[in-house]
Structures are given as structure tokens and as C-alpha cells.
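Written below as C-alpha cells is the structure these notes are about.
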Amino acid sequence: MTAVALRDVSLVYPGGAVAVRDVSLSVADGEFMVLLGPSGCGKSSILRMVAGLQRPTRGQVVLDGAPADDIPARSRGVSMVFQDFALYPHLSVADNIGFPLDVSGCPRDERAERIAEVASAFGIGDLLGRRPAELSGGQRQRAAMARAIVRGPRVLLMDEPLSNLDAVLRSGLRAEIACLARSLGLTVLYVTHDQIEAQTMADRIAVLRDGVLDDFGRPDDVYRHPATMHVAAFLGSPRMSLFKAYVQVVVDSHVALHIGGQVIDLPWPDMRARAVAHYDGEDIAVGARTEALRPAAPGASGAVLTGQVRHLEHHGHETLVSVDVGAWGVEPSGLHELRTGELTLRVHPDVRPVQGEHVGVHLCLEQLHFFDLDNGRRIGPRGRRR
Amino acid sequence: MTLVAEEVRIEVPVSGSPRRGVLSRVFGRLGNGFMQLFLAVVAVFWLVPVFGLLIASLRDEQANTASGWWTIFTKPAELTLRNYAELVANQAVWQSFLNTFYIAVPATVLVVVMASLASYALSWIEFPGRETLTVVVVGLLVMPIQVALIPVAKLFGAFGLFGTITGVVLFHVAFGLPFAIFLLRNFFAGIPRDLIEAARMDGATEWVIFKRVVLPVAKPAIASLTIFQFLWVWNDLLVALVFADQDSAPITVALRAQLRQFGTNIDVLATGAFLSMIVPLAVFLVFQKYFVQGVLAGSTK
Ligand SMILES: Nc1ncnc2c1ncn2[C@@H]1O[C@H](COP(=O)(O)OP(=O)(O)OP(=O)(O)O)[C@@H](O)[C@H]1O
Ligand SMILES: [Mg+2]
């Protein structure tokens, strides 16, 4: 069943800023949905419309199958955790958590019981007497979440709840939140610009850009078959290498991709070769994540590009090598070209290539992504399940 | 009339209790050296005349006419409480003292209540014409009080309010509101939006948000407003002179009536001023404890 749905929702702020454009989205009951996108793409705006804090300019927010246009925020049964906590500064932690209960006229003894219960679930049971000013960032975050769920909401909205915390705390709370939400059967809409959070927590993710819903689906699917170049570049670390290729069709044999001065061939039987063939005589963008790349032995045949090592990044467990293969890079935002497109090759930390050294990179053809340079959309057979 | 403002400054050394007064905290913050020296000099300049006035109120008319207050250091025997005894024994003065209460308390309460409600609406409830209304209300600040005296006097005459305490209170409320709304709306608008919206999401109605989130957080602003408004009304002479009659006259008017036509009248003035200063001073002391810094600390990142 659908708990929350947006139907062709647009939001234009009074100043004329278009924050959200024709977004349609549905979140199933009990689903953990992550809204992902760069800063300013309209994530918070969407959340605020679901919350009832902001009225859509066009379109409709649907809660449990019924239009929510006229339901005020306080009666939607929706809770929200704000990016900067928004705890009541004049109340103790206990009274902060108890606030939603007071407002709904919860009896006194039940109130105390519920507060103790959620507080201990979040590990802040012994901080109940303190004021928010006397808590650490992580404790404030927990208090804010305890307050949000104490009332037993159907839908929980979280706006970058971890963005103010340090990395260690973040990864701990990430697992905790996901686990708790599942155990409570909450429907969650979770906003973040951190793709790792999205990847690890979500049942499904929705990727936004400039107020437009770019892609929508299971984290794996979106990662493996990004619908646009933006999504491809946004998801995954290190970032996907994107570079320009000139398409030349050799009928019934293969499709040649001219990358810089080098060529790789897509065999004709490959379904994607047919799609790419439509671009005969034109440029397209080719994307390769590190997992599609391996060091190639000297003189190896197949889809191999050779290039020069530009720089190295040692990460301890691995080393990332930027290899300049003499291709034009593609920048998804604005679609303008960088001077060079570099492949990011992942090697064992013991392998120590030297800067300037010539290396061969083997490309796994199945894992390459092709994008239209004009509209940034994926080229290839459609039919990915959503 | 300005004496009270001076007395506020005198409060500096008094606040040494665990809950430190705002002024002593200001001093602490300003650090040492030049600034403190400067402030000390300013304080002395303010304090000396006030002290002189206090002494004058403790000497009788003859002594005051014969010599300056500083002669008290050589002739302390001249000190007497007779001026105070006379003033307090005067029935008219007592009545006016009470009248001042009847005027200042409702005028303050009404302004604070109405202004905080209005400011909440003007800063946090969306309705058409909100911006315009705010500008108009705050724009009324520039309206000089003198312009309104005669038309309002006529209006009050028509409604039978002229010469009544109610009339004086209404006038003070009307002319206190623009500033009060200006002050509170600015403060309310500075409360983080997330805090208000968090309360909305927690199921609170506008009234509950106002009462349980905005008011507690806005205590310092409300305390300042209360003090301002109370002092202003308490010390008012002009409005009372125009709208009050003999029975409803506040102490400022009554003291004026006590003045003898000739002579310095310093004994009456000084005594009356100190008597009428006691209450505002008490109000200040009561409300200054709400001047706490960092009310919003911990609410947001
Ligand atoms: N009250 C407002 N008035 C006008 N424009 C606004 C308002 N709030 C947001 N915007 C604009 O709408 C767009 C989307 O804003 P939104 O807050 O939804 O972004 P976001 O995805 O949450 O970004 P972030 O990750 O930085 O929080 C932005 O371009 C922003 O400038
Ligand atoms: Mg945001």
C-alpha cells in the first residue's frame, strides 16, 4: 500500500525560484525511501510539502490514498526530524520528548512511561533531566529523533539528520536509524546529500537535481543502471569517470568508440551496441566506474586503453590511480568538457605505479555506461525495473 | 522624570548575587582597562546629582534654600525624614500614588499581552496582507503623541472617558502598541523557523506554540518590553495632564500640583521623585532576572 505519494508536484517560491518541478513519487507503507541530491535540489522542499509546512504550487500530496491538501501539518500523523535538531531550548530532554504527548493530551503516567521507553531505545535514558544546551551533537540528534517517534507516527521525515555529526557518529547512527525504522515498521522519507547514506539505508532512492526527479529505484539498480549522467556521477565513490567518445559503426561487425586517439570496439551482438549505433558519426559520453577497470598486462588485447599516470591517492587498503588516456572529459553539470578525462584505476596498495608512467587499463565492456551528450540520458535498452 | 533612568544605572554594584545581573555581566564582558575606567567616570557623573537629590529630599525647605546639599558632610544633623512624612500624610498624594498603579499596571499588561499576540501572528501566521499590516503598525511609531491629544480628547469626551483612569489607560495602550509590536515582532521573527515548525509537526496548535514555545523563548524581550512600558507610563506627565481629572491624576500630576508658586520646591520635588521611583525600581529588579543570555542555546546546531 502507498503511504505517501506526490502527484506531479511543483513548487515555486514567491521570489520565482522553482524548487520542485513535476515530481511524482510514491512511498510504500513501511518503506525506507531516501531522497538524494546535491545542495539546493529541492529535497527539503519536498519534505516540507509532505509535512504540510509548505503548500505545493501545483500537484498534490497524497497520504494513505487521500489528498492531504487541506490537512494541517499537526494532524497529518507525520513526524519530522529537522536538520538542525530544533529542540525546545527551554525544556529538559524529557519535556522535549514529552511535548508531542502533552499536546495530544496523553495521560501523565503513560507519558512518563513512553518517554522512558523511547529515551532508552536511543540510549539517552540518563540524560532526561538535561537541557538541550547541555548535550553533545549526537545526543541532541538522538533526543530529536526520540521526540519525533514518541507519538508513534505513521510517517517519519528526516532532513539530513546526520549532516551535523562527525563521521564516526554518523556511521553508527546510520545503522541505528535504519534498524529502528524497520523494527517499528515506519514509513520513512529520508533526505541526504550523502550517497553512502543513501546506498546503505534505503529500500529505494530517489535522485533529484534542480527540482527534477532524475532517477528512482532500488539502490543497486540505480547504481548499476543510472538513468542519467548526473545520477551516474553523483552515486559512487570514487566518482565515475566520464569521457567523450566518437561513434563509428562498422556494420555487422562492431561499433568503434574513438576515445582520444584510441579505439575500443563494442561487438555487434551486444544489445547496447545497437543503441549506441544510432549515434553513428556523433559524440557520446562513456562512463566507467573503478570496478569496470583493471590494470592490463603490456601488449594485452581487447578493450584496453593506455595512458599516463597523472596522480596517485593512497588509501591504505587500496590505491587510486588517475590515468590520462588522452580523452576529453565530460562534466555532467552544464555538459561542458574538461581538458582531459581521467580513468580512476583501483590497484592493490603494494603496487606502486610512478607518476608519468605509461600503463594499460582494461575496460570491462559490460560495465561501461553510455550517455547522450545533449540530454545526459542513458543510452541503451530500457526496461530496468523500478 | 528622567531620574528613574538614572536609578537604573545605579543598580550596577547591587547585582553581586549568584544570579548575576545583566549589567554586571556586561561589565564582566567589557573586560578591563580603559572601558571600565570610562564607565566608572560616566557612572560617577550620573550618580553625583542623584545622590545630591537624595540628600536634598532629606533636608527641610529652609536648609535647602540656605545651603547646598554638600554641606551635609559637615552638618549631618540637618538630615530629617520630615519631607517624606509630610508627603505621605497628604491624602491627595496617596490617592495619586494609587492612581499611578491603576494606570500603569493595566496599561503595561494590556500592551504586553496584545503586542505579543499580535507579534506572533505578524511573524508566524501566514495571512494575506501580513507584510502591509506590519509596516502600517510599525509605521505608527512616527506618529507624534501631541498630534493625537486634541482629537482623542474629543473622542473621549463623546464616550464619557475623559477624566477617567480608563481613558488614560486606553491612550497609553494605543500609543504603546506600535513600539511594543516593533520590539516583539523583531524578536519573534528571530526565533528559528525550525523551532516553530517542529512544534507544528509535534501536533501543537498555534495557541500552544505561542504559549509553550514562543513565550518562554521570548522571555528576555518580554521582560524588556514590560520594563520599558511600565516606566514610560509610570513617568508620564503629558498624557495624564491632558486626560486625567483631579480624582484620576497620577503622582506626576499630583506632585506638580504640590509645587508652591515661589521658591525652589526642591524639598517637594526631590522627595516626590524618590517616592515615585521606588516602584519602577522594584519592577526593574523583578524583571531583570529574565535577561538571560543564550535562551536559544542548544535548540539548533
Ligand atoms: N523560502 C524560500 N524562498 C525562496 N527560495 C527558496 C526558499 N527555500 C528554498 N528556496 C530555493 O529552492 C531551492 C530548493 O531548496 P531546498 O531547501 O529544497 O534545497 P535542498 O535540496 O534541501 O538543499 P540542501 O541540501 O542545501 O538543504 C533552492 O534553490 C533554494 O534556493
Ligand atoms: Mg535542505
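Ordering of the C-alpha cells sets the chain letters (A, B, ...); residue numbers start at 1 within each chain; ligands are numbered from 1 in the order shown.
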Could you pull the residues within 9 Å of stretch 52-57 of chain A, counting only C-alpha atoms, minus those fewer than 5 positions along the same chain, as a PyMOL selection string?
(chain A and resi 9-13+20+45-47+68-74+76+78) or (chain B and resi 197+200-201)
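DSSP, applied to the backbone of this structure, assigns strand (DSSP E or B) to the following residues of stretch 195-260 of chain A: Arg204, Ile205, Ala206, Val207, Leu208, Arg209, Val212, Leu213, Asp214, Asp215, Phe216, Gly217, Thr228, Ser241, Leu242, Phe243, Lys244, Ala245, Tyr246, Val247, Gln248, Val249, Val250, His254, Val255, Ala256, Leu257, His258 and Ile259 of chain A.
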Include C-alpha atoms and write out the residues we just selected as a PDB file, in the first residue's frame.
ATOM      1  CA  ARG A 204      14.608   2.797  -2.627  1.00  0.00           C
ATOM      2  CA  ILE A 205      16.276   6.021  -3.518  1.00  0.00           C
ATOM      3  CA  ALA A 206      15.054   9.000  -5.475  1.00  0.00           C
ATOM      4  CA  VAL A 207      17.758  11.134  -7.029  1.00  0.00           C
ATOM      5  CA  LEU A 208      16.928  14.784  -7.561  1.00  0.00           C
ATOM      6  CA  ARG A 209      18.604  17.528  -9.475  1.00  0.00           C
ATOM      7  CA  VAL A 212      13.599  17.310 -11.132  1.00  0.00           C
ATOM      8  CA  LEU A 213      13.394  13.649 -10.234  1.00  0.00           C
ATOM      9  CA  ASP A 214      16.264  12.173 -12.224  1.00  0.00           C
ATOM     10  CA  ASP A 215      16.122   8.590 -11.141  1.00  0.00           C
ATOM     11  CA  PHE A 216      14.153   6.414  -8.834  1.00  0.00           C
ATOM     12  CA  GLY A 217      14.590   2.806  -7.775  1.00  0.00           C
ATOM     13  CA  THR A 228      21.357   9.986 -16.403  1.00  0.00           C
ATOM     14  CA  SER A 241      34.997   8.617 -14.932  1.00  0.00           C
ATOM     15  CA  LEU A 242      33.115  10.241 -17.804  1.00  0.00           C
ATOM     16  CA  PHE A 243      34.711  10.982 -21.138  1.00  0.00           C
ATOM     17  CA  LYS A 244      33.791  11.716 -24.684  1.00  0.00           C
ATOM     18  CA  ALA A 245      33.831   9.090 -27.458  1.00  0.00           C
ATOM     19  CA  TYR A 246      33.227   9.355 -31.167  1.00  0.00           C
ATOM     20  CA  VAL A 247      30.952   6.632 -32.519  1.00  0.00           C
ATOM     21  CA  GLN A 248      31.754   4.870 -35.771  1.00  0.00           C
ATOM     22  CA  VAL A 249      29.628   1.953 -36.920  1.00  0.00           C
ATOM     23  CA  VAL A 250      31.218  -0.863 -38.838  1.00  0.00           C
ATOM     24  CA  HIS A 254      31.233  -3.816 -34.352  1.00  0.00           C
ATOM     25  CA  VAL A 255      30.778  -0.282 -33.164  1.00  0.00           C
ATOM     26  CA  ALA A 256      34.045   1.550 -32.765  1.00  0.00           C
ATOM     27  CA  LEU A 257      34.368   4.104 -29.991  1.00  0.00           C
ATOM     28  CA  HIS A 258      37.144   6.580 -30.605  1.00  0.00           C
ATOM     29  CA  ILE A 259      38.408   7.736 -27.270  1.00  0.00           C
TER      30      ILE A 259
END
Can you tell me which residues surround stretch 112-123 of chain B at a distance of at most 9 Å, considering only C-alpha atoms, apart from same-chain residues fewer than 4 positions away, and format the answer as a ChimeraX atom specification?
/B:107-108,127,130-131,133-134,177-189,210,214-215,222,225-226,229
If you take only C-alpha atoms and all ligand atoms and a cut-off of 12 Å, which residues of chain A touch ligand 2, and what are their nearest atom pairs and distances in Å to one decimal, in chain and number order, as a Markdown table?
| residue | atom | partner | partner_atom_place_in_ligand_line | distance |
| --- | --- | --- | --- | --- |
| A:Ala19 | CA | ligand 2 | 1 (Mg) | 11.0 |
| A:Leu35 | CA | ligand 2 | 1 (Mg) | 10.6 |
| A:Leu36 | CA | ligand 2 | 1 (Mg) | 10.6 |
| A:Gly37 | CA | ligand 2 | 1 (Mg) | 9.9 |
| A:Pro38 | CA | ligand 2 | 1 (Mg) | 9.5 |
| A:Ser39 | CA | ligand 2 | 1 (Mg) | 7.0 |
| A:Gly40 | CA | ligand 2 | 1 (Mg) | 6.9 |
| A:Cys41 | CA | ligand 2 | 1 (Mg) | 8.4 |
| A:Gly42 | CA | ligand 2 | 1 (Mg) | 7.1 |
| A:Lys43 | CA | ligand 2 | 1 (Mg) | 5.8 |
| A:Ser44 | CA | ligand 2 | 1 (Mg) | 4.1 |
| A:Ser45 | CA | ligand 2 | 1 (Mg) | 7.2 |
| A:Ile46 | CA | ligand 2 | 1 (Mg) | 9.4 |
| A:Leu47 | CA | ligand 2 | 1 (Mg) | 8.8 |
| A:Arg48 | CA | ligand 2 | 1 (Mg) | 9.6 |
| A:Val81 | CA | ligand 2 | 1 (Mg) | 11.9 |
| A:Phe82 | CA | ligand 2 | 1 (Mg) | 9.3 |
| A:Gln83 | CA | ligand 2 | 1 (Mg) | 7.5 |
| A:Asp84 | CA | ligand 2 | 1 (Mg) | 10.3 |
| A:Met158 | CA | ligand 2 | 1 (Mg) | 10.2 |
| A:Asp159 | CA | ligand 2 | 1 (Mg) | 6.5 |
| A:Glu160 | CA | ligand 2 | 1 (Mg) | 7.1 |
| A:Pro161 | CA | ligand 2 | 1 (Mg) | 10.3 |
| A:Ser163 | CA | ligand 2 | 1 (Mg) | 10.4 |
| A:Tyr190 | CA | ligand 2 | 1 (Mg) | 11.0 |
| A:Val191 | CA | ligand 2 | 1 (Mg) | 7.7 |
| A:Thr192 | CA | ligand 2 | 1 (Mg) | 8.2 |
| A:His193 | CA | ligand 2 | 1 (Mg) | 9.0 |
Within 10 Å of stretch 97-99 of chain A, counting only C-alpha atoms, which residues show up once you throw out same-chain ones fewer than 4 positions away? Write them as an NGL selection string, please.
(:A and (87-88 or 91-93 or 103-106 or 108 or 111-112 or 114-116 or 118-119 or 128 or 143-151)) or (:B and (199 or 202-204 or 212))
Generate a file of the selected residues that holds N, CA and C atoms, formatted as a tab-separated table (two decimals), in the first residue's frame.
chain	number	residue	atom	x	y	z
A	87	LEU	N	15.41	21.42	18.86
A	87	LEU	CA	14.90	21.06	20.19
A	87	LEU	C	14.41	22.33	20.88
A	88	TYR	N	13.45	22.16	21.80
A	88	TYR	CA	12.96	23.33	22.53
A	88	TYR	C	14.00	23.69	23.60
A	91	LEU	N	13.19	23.57	27.48
A	91	LEU	CA	12.66	22.36	28.11
A	91	LEU	C	13.76	21.33	28.29
A	92	SER	N	13.59	20.51	29.31
A	92	SER	CA	14.53	19.42	29.52
A	92	SER	C	14.35	18.39	28.41
A	93	VAL	N	15.28	17.46	28.32
A	93	VAL	CA	15.17	16.41	27.32
A	93	VAL	C	13.85	15.66	27.48
A	103	VAL	N	0.78	17.68	24.02
A	103	VAL	CA	-0.10	18.36	23.08
A	103	VAL	C	-1.29	17.48	22.72
A	104	SER	N	-1.05	16.18	22.66
A	104	SER	CA	-2.16	15.30	22.29
A	104	SER	C	-2.93	14.83	23.53
A	105	GLY	N	-2.61	15.40	24.69
A	105	GLY	CA	-3.38	15.08	25.89
A	105	GLY	C	-3.16	13.68	26.42
A	106	CYS	N	-1.93	13.25	26.37
A	106	CYS	CA	-1.60	11.91	26.87
A	106	CYS	C	-1.63	11.91	28.40
A	108	ARG	N	-0.71	11.35	32.29
A	108	ARG	CA	0.59	11.60	32.89
A	108	ARG	C	1.46	10.35	33.04
A	111	ARG	N	2.59	9.01	29.80
A	111	ARG	CA	3.59	9.91	29.24
A	111	ARG	C	4.97	9.55	29.76
A	112	ALA	N	5.09	9.45	31.07
A	112	ALA	CA	6.39	9.14	31.67
A	112	ALA	C	6.93	7.82	31.14
A	114	ARG	N	6.21	6.29	28.27
A	114	ARG	CA	6.61	6.38	26.86
A	114	ARG	C	7.94	7.10	26.72
A	115	ILE	N	8.10	8.19	27.50
A	115	ILE	CA	9.36	8.94	27.42
A	115	ILE	C	10.52	8.03	27.79
A	116	ALA	N	10.38	7.32	28.90
A	116	ALA	CA	11.45	6.44	29.35
A	116	ALA	C	11.76	5.39	28.29
A	118	VAL	N	11.23	5.40	24.86
A	118	VAL	CA	11.97	5.84	23.66
A	118	VAL	C	13.35	6.36	24.02
A	119	ALA	N	13.44	7.01	25.19
A	119	ALA	CA	14.76	7.54	25.57
A	119	ALA	C	15.75	6.40	25.71
A	128	LEU	N	17.76	12.58	30.69
A	128	LEU	CA	16.42	13.17	30.60
A	128	LEU	C	16.28	14.51	31.30
A	143	ALA	N	17.92	12.89	20.87
A	143	ALA	CA	16.76	13.47	21.53
A	143	ALA	C	15.73	13.90	20.49
A	144	ALA	N	16.22	14.50	19.41
A	144	ALA	CA	15.30	14.96	18.37
A	144	ALA	C	14.58	13.78	17.73
A	145	MET	N	15.28	12.67	17.57
A	145	MET	CA	14.62	11.51	16.96
A	145	MET	C	13.64	10.88	17.94
A	146	ALA	N	14.02	10.86	19.20
A	146	ALA	CA	13.10	10.32	20.20
A	146	ALA	C	11.81	11.13	20.21
A	147	ARG	N	11.94	12.44	20.13
A	147	ARG	CA	10.76	13.29	20.11
A	147	ARG	C	9.89	13.01	18.88
A	148	ALA	N	10.57	12.72	17.77
A	148	ALA	CA	9.81	12.51	16.54
A	148	ALA	C	9.02	11.20	16.56
A	149	ILE	N	9.54	10.20	17.22
A	149	ILE	CA	8.81	8.92	17.13
A	149	ILE	C	7.97	8.61	18.35
A	150	VAL	N	8.04	9.43	19.39
A	150	VAL	CA	7.36	9.09	20.64
A	150	VAL	C	5.85	8.97	20.46
A	151	ARG	N	5.34	9.72	19.52
A	151	ARG	CA	3.90	9.76	19.31
A	151	ARG	C	3.43	8.57	18.47
B	199	ALA	N	7.30	22.36	16.45
B	199	ALA	CA	6.12	22.32	17.32
B	199	ALA	C	4.87	22.02	16.51
B	202	ASP	N	4.82	18.48	15.86
B	202	ASP	CA	4.53	17.73	17.08
B	202	ASP	C	3.05	17.78	17.44
B	203	GLY	N	2.28	18.46	16.62
B	203	GLY	CA	0.84	18.45	16.82
B	203	GLY	C	0.30	19.67	17.54
B	204	ALA	N	1.14	20.67	17.77
B	204	ALA	CA	0.70	21.83	18.53
B	204	ALA	C	-0.13	22.78	17.67
B	212	ARG	N	3.63	27.82	24.64
B	212	ARG	CA	4.62	26.90	25.20
B	212	ARG	C	5.98	26.94	24.52
Residues within 9 Å of stretch 233-239 of chain A, please, as a PyMOL selection string. Count only C-alpha atoms; anything in the same chain fewer than 4 positions from it doesn't count.
chain A and resi 37-38+195-196+199+207+222-223+226+228-229+287+289-290+320+331-332+344
Using N, CA, C and O atoms, can you write the selected residues to a file as a PDB file, in the first residue's frame?
ATOM      1  N   GLY A  37      20.395  14.068  -3.422  1.00  0.00           N
ATOM      2  CA  GLY A  37      20.688  15.071  -4.435  1.00  0.00           C
ATOM      3  C   GLY A  37      21.612  16.129  -3.890  1.00  0.00           C
ATOM      4  O   GLY A  37      21.753  16.258  -2.676  1.00  0.00           O
ATOM      5  N   PRO A  38      22.226  16.888  -4.775  1.00  0.00           N
ATOM      6  CA  PRO A  38      23.146  17.929  -4.321  1.00  0.00           C
ATOM      7  C   PRO A  38      22.394  19.053  -3.613  1.00  0.00           C
ATOM      8  O   PRO A  38      21.160  19.109  -3.654  1.00  0.00           O
ATOM      9  N   GLN A 195      25.777  10.102  -0.610  1.00  0.00           N
ATOM     10  CA  GLN A 195      25.338   8.917  -1.347  1.00  0.00           C
ATOM     11  C   GLN A 195      25.600   7.622  -0.592  1.00  0.00           C
ATOM     12  O   GLN A 195      24.929   6.626  -0.819  1.00  0.00           O
ATOM     13  N   ILE A 196      26.544   7.647   0.354  1.00  0.00           N
ATOM     14  CA  ILE A 196      26.775   6.421   1.136  1.00  0.00           C
ATOM     15  C   ILE A 196      25.588   6.157   2.047  1.00  0.00           C
ATOM     16  O   ILE A 196      25.103   5.036   2.184  1.00  0.00           O
ATOM     17  N   GLN A 199      22.877   4.766  -0.126  1.00  0.00           N
ATOM     18  CA  GLN A 199      23.137   3.405  -0.544  1.00  0.00           C
ATOM     19  C   GLN A 199      22.921   2.401   0.587  1.00  0.00           C
ATOM     20  O   GLN A 199      22.399   1.314   0.375  1.00  0.00           O
ATOM     21  N   VAL A 207      16.672  10.179  -6.823  1.00  0.00           N
ATOM     22  CA  VAL A 207      17.758  11.134  -7.029  1.00  0.00           C
ATOM     23  C   VAL A 207      17.192  12.388  -7.687  1.00  0.00           C
ATOM     24  O   VAL A 207      16.518  12.313  -8.718  1.00  0.00           O
ATOM     25  N   VAL A 222      19.820   1.631  -9.286  1.00  0.00           N
ATOM     26  CA  VAL A 222      20.193   2.992  -9.660  1.00  0.00           C
ATOM     27  C   VAL A 222      21.703   3.095  -9.824  1.00  0.00           C
ATOM     28  O   VAL A 222      22.210   3.747 -10.727  1.00  0.00           O
ATOM     29  N   TYR A 223      22.409   2.382  -8.980  1.00  0.00           N
ATOM     30  CA  TYR A 223      23.864   2.412  -9.051  1.00  0.00           C
ATOM     31  C   TYR A 223      24.347   1.747 -10.340  1.00  0.00           C
ATOM     32  O   TYR A 223      25.221   2.252 -11.025  1.00  0.00           O
ATOM     33  N   PRO A 226      22.334   3.823 -13.866  1.00  0.00           N
ATOM     34  CA  PRO A 226      21.887   5.203 -13.633  1.00  0.00           C
ATOM     35  C   PRO A 226      21.193   5.759 -14.871  1.00  0.00           C
ATOM     36  O   PRO A 226      21.661   5.546 -15.982  1.00  0.00           O
ATOM     37  N   THR A 228      20.699   8.851 -15.752  1.00  0.00           N
ATOM     38  CA  THR A 228      21.357   9.986 -16.403  1.00  0.00           C
ATOM     39  C   THR A 228      22.816  10.067 -15.971  1.00  0.00           C
ATOM     40  O   THR A 228      23.222   9.444 -14.993  1.00  0.00           O
ATOM     41  N   MET A 229      23.530  10.898 -16.671  1.00  0.00           N
ATOM     42  CA  MET A 229      24.917  11.132 -16.374  1.00  0.00           C
ATOM     43  C   MET A 229      25.073  11.736 -14.977  1.00  0.00           C
ATOM     44  O   MET A 229      26.028  11.451 -14.268  1.00  0.00           O
ATOM     45  N   GLY A 287      30.930   6.228 -19.571  1.00  0.00           N
ATOM     46  CA  GLY A 287      31.221   6.268 -18.139  1.00  0.00           C
ATOM     47  C   GLY A 287      31.802   4.953 -17.673  1.00  0.00           C
ATOM     48  O   GLY A 287      31.364   3.888 -18.101  1.00  0.00           O
ATOM     49  N   ARG A 289      33.104   3.122 -13.973  1.00  0.00           N
ATOM     50  CA  ARG A 289      33.449   3.155 -12.550  1.00  0.00           C
ATOM     51  C   ARG A 289      34.733   2.366 -12.355  1.00  0.00           C
ATOM     52  O   ARG A 289      35.139   1.590 -13.234  1.00  0.00           O
ATOM     53  N   THR A 290      35.341   2.515 -11.199  1.00  0.00           N
ATOM     54  CA  THR A 290      36.608   1.808 -10.980  1.00  0.00           C
ATOM     55  C   THR A 290      36.439   0.305 -11.113  1.00  0.00           C
ATOM     56  O   THR A 290      37.344  -0.376 -11.561  1.00  0.00           O
ATOM     57  N   LEU A 320      44.280   4.585  -5.489  1.00  0.00           N
ATOM     58  CA  LEU A 320      43.548   5.027  -6.673  1.00  0.00           C
ATOM     59  C   LEU A 320      44.522   5.745  -7.598  1.00  0.00           C
ATOM     60  O   LEU A 320      45.230   6.655  -7.187  1.00  0.00           O
ATOM     61  N   GLU A 331      31.724  16.800 -18.182  1.00  0.00           N
ATOM     62  CA  GLU A 331      31.232  17.249 -16.875  1.00  0.00           C
ATOM     63  C   GLU A 331      29.707  17.294 -16.957  1.00  0.00           C
ATOM     64  O   GLU A 331      29.155  18.019 -17.775  1.00  0.00           O
ATOM     65  N   PRO A 332      29.016  16.484 -16.164  1.00  0.00           N
ATOM     66  CA  PRO A 332      27.566  16.395 -16.322  1.00  0.00           C
ATOM     67  C   PRO A 332      26.847  17.725 -16.116  1.00  0.00           C
ATOM     68  O   PRO A 332      25.906  18.047 -16.813  1.00  0.00           O
ATOM     69  N   THR A 344      39.856   6.371 -13.327  1.00  0.00           N
ATOM     70  CA  THR A 344      40.343   6.107 -11.983  1.00  0.00           C
ATOM     71  C   THR A 344      40.477   4.601 -11.806  1.00  0.00           C
ATOM     72  O   THR A 344      39.488   3.868 -11.817  1.00  0.00           O
TER      73      THR A 344
END
Using only C-alpha atoms: which of A:Ser120, A:His311, A:Val62, A:Val34 has the shortest distance to A:Ala198:
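Counting only C-alpha atoms, the residue closest to A:Ala198 is A:Val34.
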Neighbours of B:Thr166 within 12 Å (only C-alpha atoms; same-chain residues fewer than 2 positions away dropped), as a PyMOL selection string?
chain B and resi 99-100+102-107+156+159-164+168-173+240+243-245+248-249
